[in-house]
>>> print(open('target.txt').read())   # compact mmCIF, N, CA and C atoms and all ligand atoms
# COMPACT_ATOMS: atom_id res chain seq x y z
N MET A 1 -75.40 -21.09 -31.59
CA MET A 1 -74.06 -21.29 -32.17
C MET A 1 -72.95 -21.16 -31.12
N TYR A 2 -73.22 -20.36 -30.05
CA TYR A 2 -72.21 -20.18 -29.00
C TYR A 2 -72.43 -21.15 -27.85
N ASN A 3 -71.34 -21.52 -27.17
CA ASN A 3 -71.50 -22.38 -25.99
C ASN A 3 -72.00 -21.55 -24.80
N LYS A 4 -72.30 -22.26 -23.70
CA LYS A 4 -72.92 -21.62 -22.53
C LYS A 4 -72.00 -20.55 -21.92
N LYS A 5 -70.72 -20.88 -21.84
CA LYS A 5 -69.77 -19.96 -21.20
C LYS A 5 -69.69 -18.63 -21.98
N VAL A 6 -69.66 -18.73 -23.30
CA VAL A 6 -69.60 -17.53 -24.14
C VAL A 6 -70.88 -16.72 -23.93
N MET A 7 -72.03 -17.39 -23.93
CA MET A 7 -73.30 -16.68 -23.78
C MET A 7 -73.40 -16.00 -22.42
N GLU A 8 -72.94 -16.71 -21.38
CA GLU A 8 -72.97 -16.12 -20.04
C GLU A 8 -72.08 -14.89 -19.96
N THR A 9 -70.89 -14.99 -20.55
CA THR A 9 -69.96 -13.86 -20.52
C THR A 9 -70.51 -12.69 -21.32
N PHE A 10 -71.12 -13.00 -22.46
CA PHE A 10 -71.71 -11.95 -23.29
C PHE A 10 -72.86 -11.25 -22.54
N ALA A 11 -73.64 -12.04 -21.81
CA ALA A 11 -74.79 -11.47 -21.10
C ALA A 11 -74.37 -10.65 -19.88
N ASN A 12 -73.17 -10.93 -19.38
CA ASN A 12 -72.71 -10.24 -18.18
C ASN A 12 -71.23 -9.86 -18.32
N PRO A 13 -70.92 -9.01 -19.29
CA PRO A 13 -69.51 -8.71 -19.55
C PRO A 13 -68.88 -7.87 -18.43
N GLN A 14 -67.61 -8.11 -18.17
CA GLN A 14 -66.86 -7.34 -17.18
C GLN A 14 -66.04 -6.27 -17.91
N ASN A 15 -65.76 -5.20 -17.20
CA ASN A 15 -64.83 -4.16 -17.69
C ASN A 15 -65.31 -3.41 -18.93
N VAL A 16 -66.62 -3.23 -19.03
CA VAL A 16 -67.14 -2.43 -20.14
C VAL A 16 -66.96 -0.96 -19.79
N GLY A 17 -66.46 -0.17 -20.73
CA GLY A 17 -66.35 1.26 -20.47
C GLY A 17 -65.09 1.86 -21.04
N TYR A 18 -64.79 3.04 -20.56
CA TYR A 18 -63.65 3.80 -21.08
C TYR A 18 -62.99 4.50 -19.90
N ILE A 19 -61.71 4.32 -19.71
CA ILE A 19 -61.00 4.97 -18.61
C ILE A 19 -60.56 6.35 -19.09
N GLU A 20 -61.18 7.38 -18.53
CA GLU A 20 -60.90 8.74 -18.99
C GLU A 20 -59.43 9.12 -18.80
N ASP A 21 -58.91 8.88 -17.59
CA ASP A 21 -57.51 9.27 -17.33
C ASP A 21 -56.60 8.06 -17.58
N ASN A 22 -56.76 7.44 -18.76
CA ASN A 22 -55.99 6.22 -19.07
C ASN A 22 -54.51 6.51 -19.28
N ASP A 23 -53.70 5.46 -19.14
CA ASP A 23 -52.26 5.56 -19.42
C ASP A 23 -51.93 5.01 -20.80
N GLY A 24 -52.92 4.35 -21.41
CA GLY A 24 -52.72 3.82 -22.76
C GLY A 24 -54.06 3.50 -23.37
N ALA A 25 -54.18 3.77 -24.68
CA ALA A 25 -55.45 3.47 -25.36
C ALA A 25 -55.15 2.83 -26.71
N GLY A 26 -55.91 1.81 -27.04
CA GLY A 26 -55.71 1.13 -28.32
C GLY A 26 -57.04 0.91 -29.00
N LYS A 27 -57.09 1.28 -30.28
CA LYS A 27 -58.32 1.11 -31.05
C LYS A 27 -57.98 0.33 -32.31
N VAL A 28 -58.69 -0.75 -32.53
CA VAL A 28 -58.39 -1.55 -33.72
C VAL A 28 -59.67 -1.92 -34.45
N GLY A 29 -59.52 -2.14 -35.73
CA GLY A 29 -60.66 -2.57 -36.56
C GLY A 29 -60.42 -3.99 -37.01
N ASN A 30 -61.51 -4.72 -37.17
CA ASN A 30 -61.39 -6.10 -37.64
C ASN A 30 -61.51 -6.11 -39.16
N ALA A 31 -60.44 -6.55 -39.80
CA ALA A 31 -60.40 -6.52 -41.26
C ALA A 31 -61.48 -7.42 -41.86
N THR A 32 -61.85 -8.48 -41.14
CA THR A 32 -62.81 -9.43 -41.71
C THR A 32 -64.23 -8.90 -41.72
N CYS A 33 -64.65 -8.22 -40.62
CA CYS A 33 -66.05 -7.82 -40.53
C CYS A 33 -66.25 -6.31 -40.42
N GLY A 34 -65.17 -5.56 -40.17
CA GLY A 34 -65.29 -4.11 -40.06
C GLY A 34 -65.66 -3.62 -38.68
N ASP A 35 -65.78 -4.53 -37.71
CA ASP A 35 -66.12 -4.11 -36.35
C ASP A 35 -64.93 -3.43 -35.68
N ILE A 36 -65.25 -2.67 -34.60
CA ILE A 36 -64.21 -1.86 -33.95
C ILE A 36 -64.16 -2.13 -32.45
N MET A 37 -62.96 -2.11 -31.92
CA MET A 37 -62.77 -2.34 -30.48
C MET A 37 -61.79 -1.32 -29.93
N GLU A 38 -62.10 -0.82 -28.74
CA GLU A 38 -61.20 0.14 -28.09
C GLU A 38 -60.95 -0.31 -26.67
N ILE A 39 -59.68 -0.36 -26.29
CA ILE A 39 -59.32 -0.76 -24.92
C ILE A 39 -58.47 0.34 -24.30
N THR A 40 -58.79 0.69 -23.05
CA THR A 40 -57.99 1.66 -22.32
C THR A 40 -57.44 0.97 -21.07
N ILE A 41 -56.22 1.35 -20.69
CA ILE A 41 -55.58 0.72 -19.52
C ILE A 41 -55.02 1.77 -18.56
N LYS A 42 -54.93 1.36 -17.31
CA LYS A 42 -54.21 2.12 -16.29
C LYS A 42 -53.01 1.27 -15.91
N VAL A 43 -51.86 1.92 -15.76
CA VAL A 43 -50.64 1.18 -15.44
C VAL A 43 -49.95 1.84 -14.27
N LYS A 44 -49.54 1.02 -13.29
CA LYS A 44 -48.77 1.56 -12.17
C LYS A 44 -47.59 0.64 -11.92
N ASP A 45 -46.39 1.21 -11.86
CA ASP A 45 -45.16 0.42 -11.67
C ASP A 45 -45.10 -0.75 -12.64
N ASN A 46 -45.46 -0.48 -13.88
CA ASN A 46 -45.39 -1.48 -14.95
C ASN A 46 -46.45 -2.59 -14.86
N VAL A 47 -47.39 -2.44 -13.93
CA VAL A 47 -48.46 -3.45 -13.79
C VAL A 47 -49.78 -2.83 -14.22
N ILE A 48 -50.56 -3.57 -14.98
CA ILE A 48 -51.88 -3.08 -15.43
C ILE A 48 -52.85 -3.18 -14.25
N THR A 49 -53.33 -2.03 -13.80
CA THR A 49 -54.20 -2.03 -12.62
C THR A 49 -55.67 -1.96 -13.01
N ASP A 50 -55.95 -1.56 -14.26
CA ASP A 50 -57.34 -1.53 -14.73
C ASP A 50 -57.34 -1.59 -16.26
N ALA A 51 -58.40 -2.16 -16.79
CA ALA A 51 -58.56 -2.24 -18.25
C ALA A 51 -60.05 -2.23 -18.57
N LYS A 52 -60.41 -1.43 -19.55
CA LYS A 52 -61.82 -1.39 -19.95
C LYS A 52 -61.93 -1.43 -21.47
N PHE A 53 -63.07 -1.93 -21.95
CA PHE A 53 -63.24 -2.00 -23.40
C PHE A 53 -64.59 -1.46 -23.84
N ARG A 54 -64.59 -0.97 -25.08
CA ARG A 54 -65.83 -0.60 -25.77
C ARG A 54 -65.75 -1.27 -27.12
N THR A 55 -66.85 -1.83 -27.55
CA THR A 55 -66.80 -2.50 -28.84
C THR A 55 -68.05 -2.28 -29.66
N PHE A 56 -67.85 -2.17 -30.95
CA PHE A 56 -68.94 -2.26 -31.90
C PHE A 56 -68.70 -3.59 -32.59
N GLY A 57 -69.13 -4.64 -31.95
CA GLY A 57 -68.83 -5.96 -32.49
C GLY A 57 -69.87 -6.97 -32.04
N CYS A 58 -69.63 -8.20 -32.38
CA CYS A 58 -70.61 -9.26 -32.12
C CYS A 58 -70.44 -9.84 -30.70
N ALA A 59 -71.26 -10.83 -30.39
CA ALA A 59 -71.21 -11.45 -29.06
C ALA A 59 -69.84 -12.05 -28.76
N ALA A 60 -69.20 -12.62 -29.76
CA ALA A 60 -67.88 -13.21 -29.54
C ALA A 60 -66.85 -12.14 -29.22
N ALA A 61 -66.98 -10.98 -29.87
CA ALA A 61 -66.05 -9.88 -29.60
C ALA A 61 -66.24 -9.37 -28.17
N VAL A 62 -67.48 -9.26 -27.74
CA VAL A 62 -67.76 -8.78 -26.38
C VAL A 62 -67.25 -9.79 -25.36
N ALA A 63 -67.55 -11.06 -25.56
CA ALA A 63 -67.13 -12.09 -24.60
C ALA A 63 -65.61 -12.18 -24.51
N THR A 64 -64.93 -12.16 -25.65
CA THR A 64 -63.47 -12.28 -25.61
C THR A 64 -62.83 -11.03 -25.01
N SER A 65 -63.44 -9.87 -25.23
CA SER A 65 -62.88 -8.65 -24.65
C SER A 65 -63.05 -8.64 -23.15
N SER A 66 -64.19 -9.13 -22.69
CA SER A 66 -64.44 -9.21 -21.26
C SER A 66 -63.37 -10.10 -20.61
N VAL A 67 -63.14 -11.27 -21.19
CA VAL A 67 -62.16 -12.21 -20.62
C VAL A 67 -60.74 -11.64 -20.73
N ALA A 68 -60.42 -11.09 -21.89
CA ALA A 68 -59.04 -10.60 -22.09
C ALA A 68 -58.72 -9.46 -21.13
N THR A 69 -59.66 -8.52 -20.96
CA THR A 69 -59.39 -7.40 -20.05
C THR A 69 -59.27 -7.91 -18.61
N SER A 70 -60.13 -8.86 -18.23
CA SER A 70 -60.02 -9.42 -16.87
C SER A 70 -58.68 -10.11 -16.67
N MET A 71 -58.22 -10.81 -17.71
CA MET A 71 -56.95 -11.55 -17.59
C MET A 71 -55.75 -10.61 -17.42
N VAL A 72 -55.75 -9.47 -18.13
CA VAL A 72 -54.55 -8.62 -18.08
C VAL A 72 -54.47 -7.76 -16.81
N ILE A 73 -55.60 -7.56 -16.14
CA ILE A 73 -55.54 -6.78 -14.91
C ILE A 73 -54.70 -7.56 -13.89
N GLY A 74 -53.65 -6.92 -13.39
CA GLY A 74 -52.75 -7.60 -12.46
C GLY A 74 -51.49 -8.12 -13.13
N MET A 75 -51.46 -8.12 -14.47
CA MET A 75 -50.26 -8.57 -15.18
C MET A 75 -49.31 -7.39 -15.39
N THR A 76 -48.01 -7.69 -15.55
CA THR A 76 -47.10 -6.64 -16.00
C THR A 76 -47.38 -6.41 -17.48
N VAL A 77 -46.93 -5.28 -18.00
CA VAL A 77 -47.18 -5.02 -19.42
C VAL A 77 -46.52 -6.09 -20.30
N ASP A 78 -45.36 -6.58 -19.90
CA ASP A 78 -44.70 -7.64 -20.69
C ASP A 78 -45.52 -8.92 -20.70
N GLU A 79 -46.08 -9.27 -19.56
CA GLU A 79 -46.92 -10.48 -19.49
C GLU A 79 -48.16 -10.30 -20.37
N ALA A 80 -48.75 -9.10 -20.29
CA ALA A 80 -49.98 -8.84 -21.05
C ALA A 80 -49.73 -8.90 -22.56
N LEU A 81 -48.51 -8.53 -22.97
CA LEU A 81 -48.18 -8.59 -24.40
C LEU A 81 -48.18 -10.03 -24.91
N LYS A 82 -47.99 -10.97 -23.99
CA LYS A 82 -47.93 -12.39 -24.40
C LYS A 82 -49.31 -13.05 -24.42
N LEU A 83 -50.33 -12.31 -23.98
CA LEU A 83 -51.67 -12.90 -24.00
C LEU A 83 -52.13 -13.07 -25.45
N THR A 84 -52.52 -14.28 -25.79
CA THR A 84 -52.95 -14.54 -27.17
C THR A 84 -54.46 -14.78 -27.21
N ASN A 85 -55.03 -14.58 -28.38
CA ASN A 85 -56.46 -14.84 -28.53
C ASN A 85 -56.76 -16.33 -28.30
N ALA A 86 -55.79 -17.18 -28.58
CA ALA A 86 -55.99 -18.62 -28.37
C ALA A 86 -56.24 -18.92 -26.89
N LYS A 87 -55.50 -18.22 -26.01
CA LYS A 87 -55.69 -18.43 -24.56
C LYS A 87 -57.09 -17.97 -24.13
N VAL A 88 -57.53 -16.87 -24.71
CA VAL A 88 -58.86 -16.34 -24.37
C VAL A 88 -59.94 -17.31 -24.85
N VAL A 89 -59.77 -17.82 -26.06
CA VAL A 89 -60.76 -18.76 -26.63
C VAL A 89 -60.78 -20.04 -25.78
N GLU A 90 -59.61 -20.47 -25.34
CA GLU A 90 -59.51 -21.67 -24.50
C GLU A 90 -60.29 -21.46 -23.21
N TYR A 91 -60.13 -20.27 -22.62
CA TYR A 91 -60.84 -19.95 -21.38
C TYR A 91 -62.35 -20.01 -21.60
N LEU A 92 -62.78 -19.58 -22.77
CA LEU A 92 -64.22 -19.56 -23.09
C LEU A 92 -64.71 -20.93 -23.59
N GLU A 93 -63.83 -21.91 -23.54
CA GLU A 93 -64.14 -23.28 -23.96
C GLU A 93 -64.56 -23.35 -25.43
N GLY A 94 -63.95 -22.48 -26.21
CA GLY A 94 -64.11 -22.57 -27.67
C GLY A 94 -65.09 -21.57 -28.25
N LEU A 95 -64.84 -21.26 -29.52
CA LEU A 95 -65.73 -20.39 -30.31
C LEU A 95 -66.01 -21.11 -31.62
N PRO A 96 -67.14 -20.82 -32.26
CA PRO A 96 -67.36 -21.40 -33.59
C PRO A 96 -66.23 -20.94 -34.52
N PRO A 97 -65.78 -21.79 -35.43
CA PRO A 97 -64.63 -21.45 -36.29
C PRO A 97 -64.79 -20.11 -37.00
N GLN A 98 -66.00 -19.80 -37.43
CA GLN A 98 -66.18 -18.54 -38.17
C GLN A 98 -66.14 -17.33 -37.26
N LYS A 99 -66.00 -17.56 -35.94
CA LYS A 99 -65.97 -16.45 -34.97
C LYS A 99 -64.59 -16.27 -34.34
N ILE A 100 -63.64 -17.08 -34.75
CA ILE A 100 -62.30 -16.96 -34.17
C ILE A 100 -61.69 -15.58 -34.47
N HIS A 101 -61.97 -15.06 -35.66
CA HIS A 101 -61.39 -13.76 -36.01
C HIS A 101 -61.82 -12.66 -35.04
N CYS A 102 -62.99 -12.82 -34.42
CA CYS A 102 -63.49 -11.81 -33.49
C CYS A 102 -62.59 -11.72 -32.25
N SER A 103 -62.02 -12.86 -31.87
CA SER A 103 -61.21 -12.90 -30.65
C SER A 103 -59.88 -12.18 -30.84
N VAL A 104 -59.50 -11.95 -32.09
CA VAL A 104 -58.23 -11.28 -32.35
C VAL A 104 -58.30 -9.80 -31.99
N LEU A 105 -59.51 -9.24 -32.05
CA LEU A 105 -59.69 -7.81 -31.75
C LEU A 105 -59.14 -7.43 -30.38
N ALA A 106 -59.53 -8.20 -29.36
CA ALA A 106 -59.12 -7.86 -27.99
C ALA A 106 -57.61 -7.95 -27.85
N GLU A 107 -57.03 -9.01 -28.39
CA GLU A 107 -55.57 -9.18 -28.30
C GLU A 107 -54.87 -7.98 -28.95
N GLU A 108 -55.34 -7.61 -30.12
CA GLU A 108 -54.71 -6.50 -30.84
C GLU A 108 -54.92 -5.17 -30.12
N ALA A 109 -56.11 -4.97 -29.57
CA ALA A 109 -56.39 -3.69 -28.89
C ALA A 109 -55.54 -3.57 -27.62
N ILE A 110 -55.32 -4.68 -26.92
CA ILE A 110 -54.47 -4.65 -25.72
C ILE A 110 -53.03 -4.31 -26.13
N LYS A 111 -52.55 -4.95 -27.17
CA LYS A 111 -51.17 -4.68 -27.64
C LYS A 111 -51.03 -3.21 -28.04
N GLU A 112 -52.02 -2.70 -28.72
CA GLU A 112 -52.03 -1.31 -29.17
C GLU A 112 -52.03 -0.36 -27.95
N ALA A 113 -52.82 -0.69 -26.94
CA ALA A 113 -52.89 0.15 -25.73
C ALA A 113 -51.54 0.15 -25.02
N ILE A 114 -50.87 -0.99 -24.98
CA ILE A 114 -49.56 -1.08 -24.32
C ILE A 114 -48.52 -0.29 -25.12
N GLU A 115 -48.59 -0.39 -26.43
CA GLU A 115 -47.67 0.40 -27.26
C GLU A 115 -47.88 1.89 -27.01
N ASP A 116 -49.14 2.29 -26.90
CA ASP A 116 -49.46 3.69 -26.64
C ASP A 116 -48.90 4.10 -25.28
N TYR A 117 -49.05 3.22 -24.29
CA TYR A 117 -48.50 3.48 -22.95
C TYR A 117 -46.99 3.69 -23.04
N ARG A 118 -46.32 2.81 -23.77
CA ARG A 118 -44.85 2.91 -23.88
C ARG A 118 -44.43 4.18 -24.61
N ARG A 119 -45.19 4.53 -25.63
CA ARG A 119 -44.91 5.77 -26.36
C ARG A 119 -44.98 6.97 -25.42
N ARG A 120 -46.04 6.98 -24.61
CA ARG A 120 -46.23 8.11 -23.68
C ARG A 120 -45.11 8.15 -22.63
N GLN A 121 -44.67 6.97 -22.18
CA GLN A 121 -43.58 6.90 -21.21
C GLN A 121 -42.31 7.50 -21.80
N LYS A 122 -42.03 7.12 -23.05
CA LYS A 122 -40.84 7.64 -23.74
C LYS A 122 -40.91 9.15 -23.87
N ASP A 123 -42.10 9.64 -24.25
CA ASP A 123 -42.26 11.09 -24.40
C ASP A 123 -41.97 11.80 -23.09
N LYS A 124 -42.43 11.20 -21.99
CA LYS A 124 -42.19 11.80 -20.67
C LYS A 124 -40.70 11.85 -20.37
N GLU A 125 -40.01 10.71 -20.69
CA GLU A 125 -38.56 10.64 -20.43
C GLU A 125 -37.80 11.68 -21.23
N ASN A 126 -38.29 11.94 -22.43
CA ASN A 126 -37.58 12.87 -23.32
C ASN A 126 -37.86 14.34 -23.00
N LYS A 127 -38.75 14.58 -22.04
CA LYS A 127 -39.07 15.98 -21.72
C LYS A 127 -38.07 16.57 -20.77
FE1 LIG B 201 -67.11 -8.65 -36.15
FE2 LIG B 201 -67.32 -10.69 -34.53
S1 LIG B 201 -68.29 -10.46 -36.43
S2 LIG B 201 -66.13 -8.93 -34.28
>>> encode(input="target.txt", output="structure tokens")
Amino acid sequence: MYNKKVMETFANPQNVGYIEDNDGAGKVGNATCGDIMEITIKVKDNVITDAKFRTFGCAAAVATSSVATSMVIGMTVDEALKLTNAKVVEYLEGLPPQKIHCSVLAEEAIKEAIEDYRRRQKDKENK
């Protein structure tokens, strides 16, 4: 059901793991299937220097998370907020229609991690 690029990415995903001393963490659930994704990021001077993911999800969720985390490394947080699941799916040369919802997990988890980062920054400023 998956194309070659998706299968290759799933078989050899990048950025799997959890950054212990992260600057932001986002955990989201997929309303459609109940799967869970967690992304942690490191940020320096407003640029994402590292991103890792853990997922309890399907092959499409793993492949899209691998691509999405690779894409945001090196982006500013504002640029990363503009990353859409459509761009990730395009990079993977498409997903089966019933698997598009899986690609939303990574986008949402990245946004959540950035929001967490910003919250922590604000807390620091207010101290
Ligand atoms: Fe749940 Fe794909 S079926 S993330």
>>> select_by_dssp(input="target.txt", residues="chain A", states="alpha helix (DSSP H)", output="MDAnalysis selection string")
chainID A and resid 4:11 59:72 77:81 85:91 100:125
>>> atom_distance(input="target.txt", atom1="atom N of Ile19 (chain A)", atom2="atom C of Ala109 (chain A)")
12.8 Å
>>> residues_near_ligand(input="target.txt", ligand="ligand LIG 201 (chain B)", cutoff="6 Å", atoms="all atoms listed in the file", output="VMD selection string")
chain A and resid 33 to 35 57 to 61 99 101 to 102
>>> atom_distance(input="target.txt", atom1="CA of Ile110 (chain A)", atom2="atom C of Thr64 (chain A)")
10.5 Å
>>> select_by_dssp(input="target.txt", residues="chain A", states="strand (DSSP E)", output="number ranges by chain")
A: 24-29, 36-44, 47-56
>>> atom_distance(input="target.txt", atom1="atom N of Ile36 (chain A)", atom2="atom N of Arg119 (chain A)")
23.1 Å
>>> closest_residue(input="target.txt", among="A:Asp123, A:Glu38, A:Glu79, A:Glu108", to="Phe53 (chain A)", atoms="all atoms listed in the file")
A:Glu38
>>> closest_residue(input="target.txt", among="A:Asp116, A:Asp23, A:Glu90, A:Glu8", to="Ile41 (chain A)", atoms="all atoms listed in the file")
A:Asp23
>>> residues_near_point(input="target.txt", point="(-55.8, -0.3, -23.6)", cutoff="7 Å", atoms="only C-alpha atoms", output="VMD selection string")
chain A and resid 24 to 26 39 to 41 51 109 to 110 112 to 114
>>> closest_residue(input="target.txt", among="A:Met71, A:Glu107, A:Pro96, A:Thr84", to="Met1 (chain A)", atoms="all atoms listed in the file")
A:Pro96
>>> closest_residue(input="target.txt", among="A:Lys111, A:Asn46, A:Arg120, A:Lys127", to="Val28 (chain A)", atoms="only C-alpha atoms")
A:Lys111
>>> closest_residue(input="target.txt", among="A:Val6, A:Val62, A:Ala11, A:Ile48", to="Ala80 (chain A)", atoms="only N, CA and C atoms")
A:Ile48
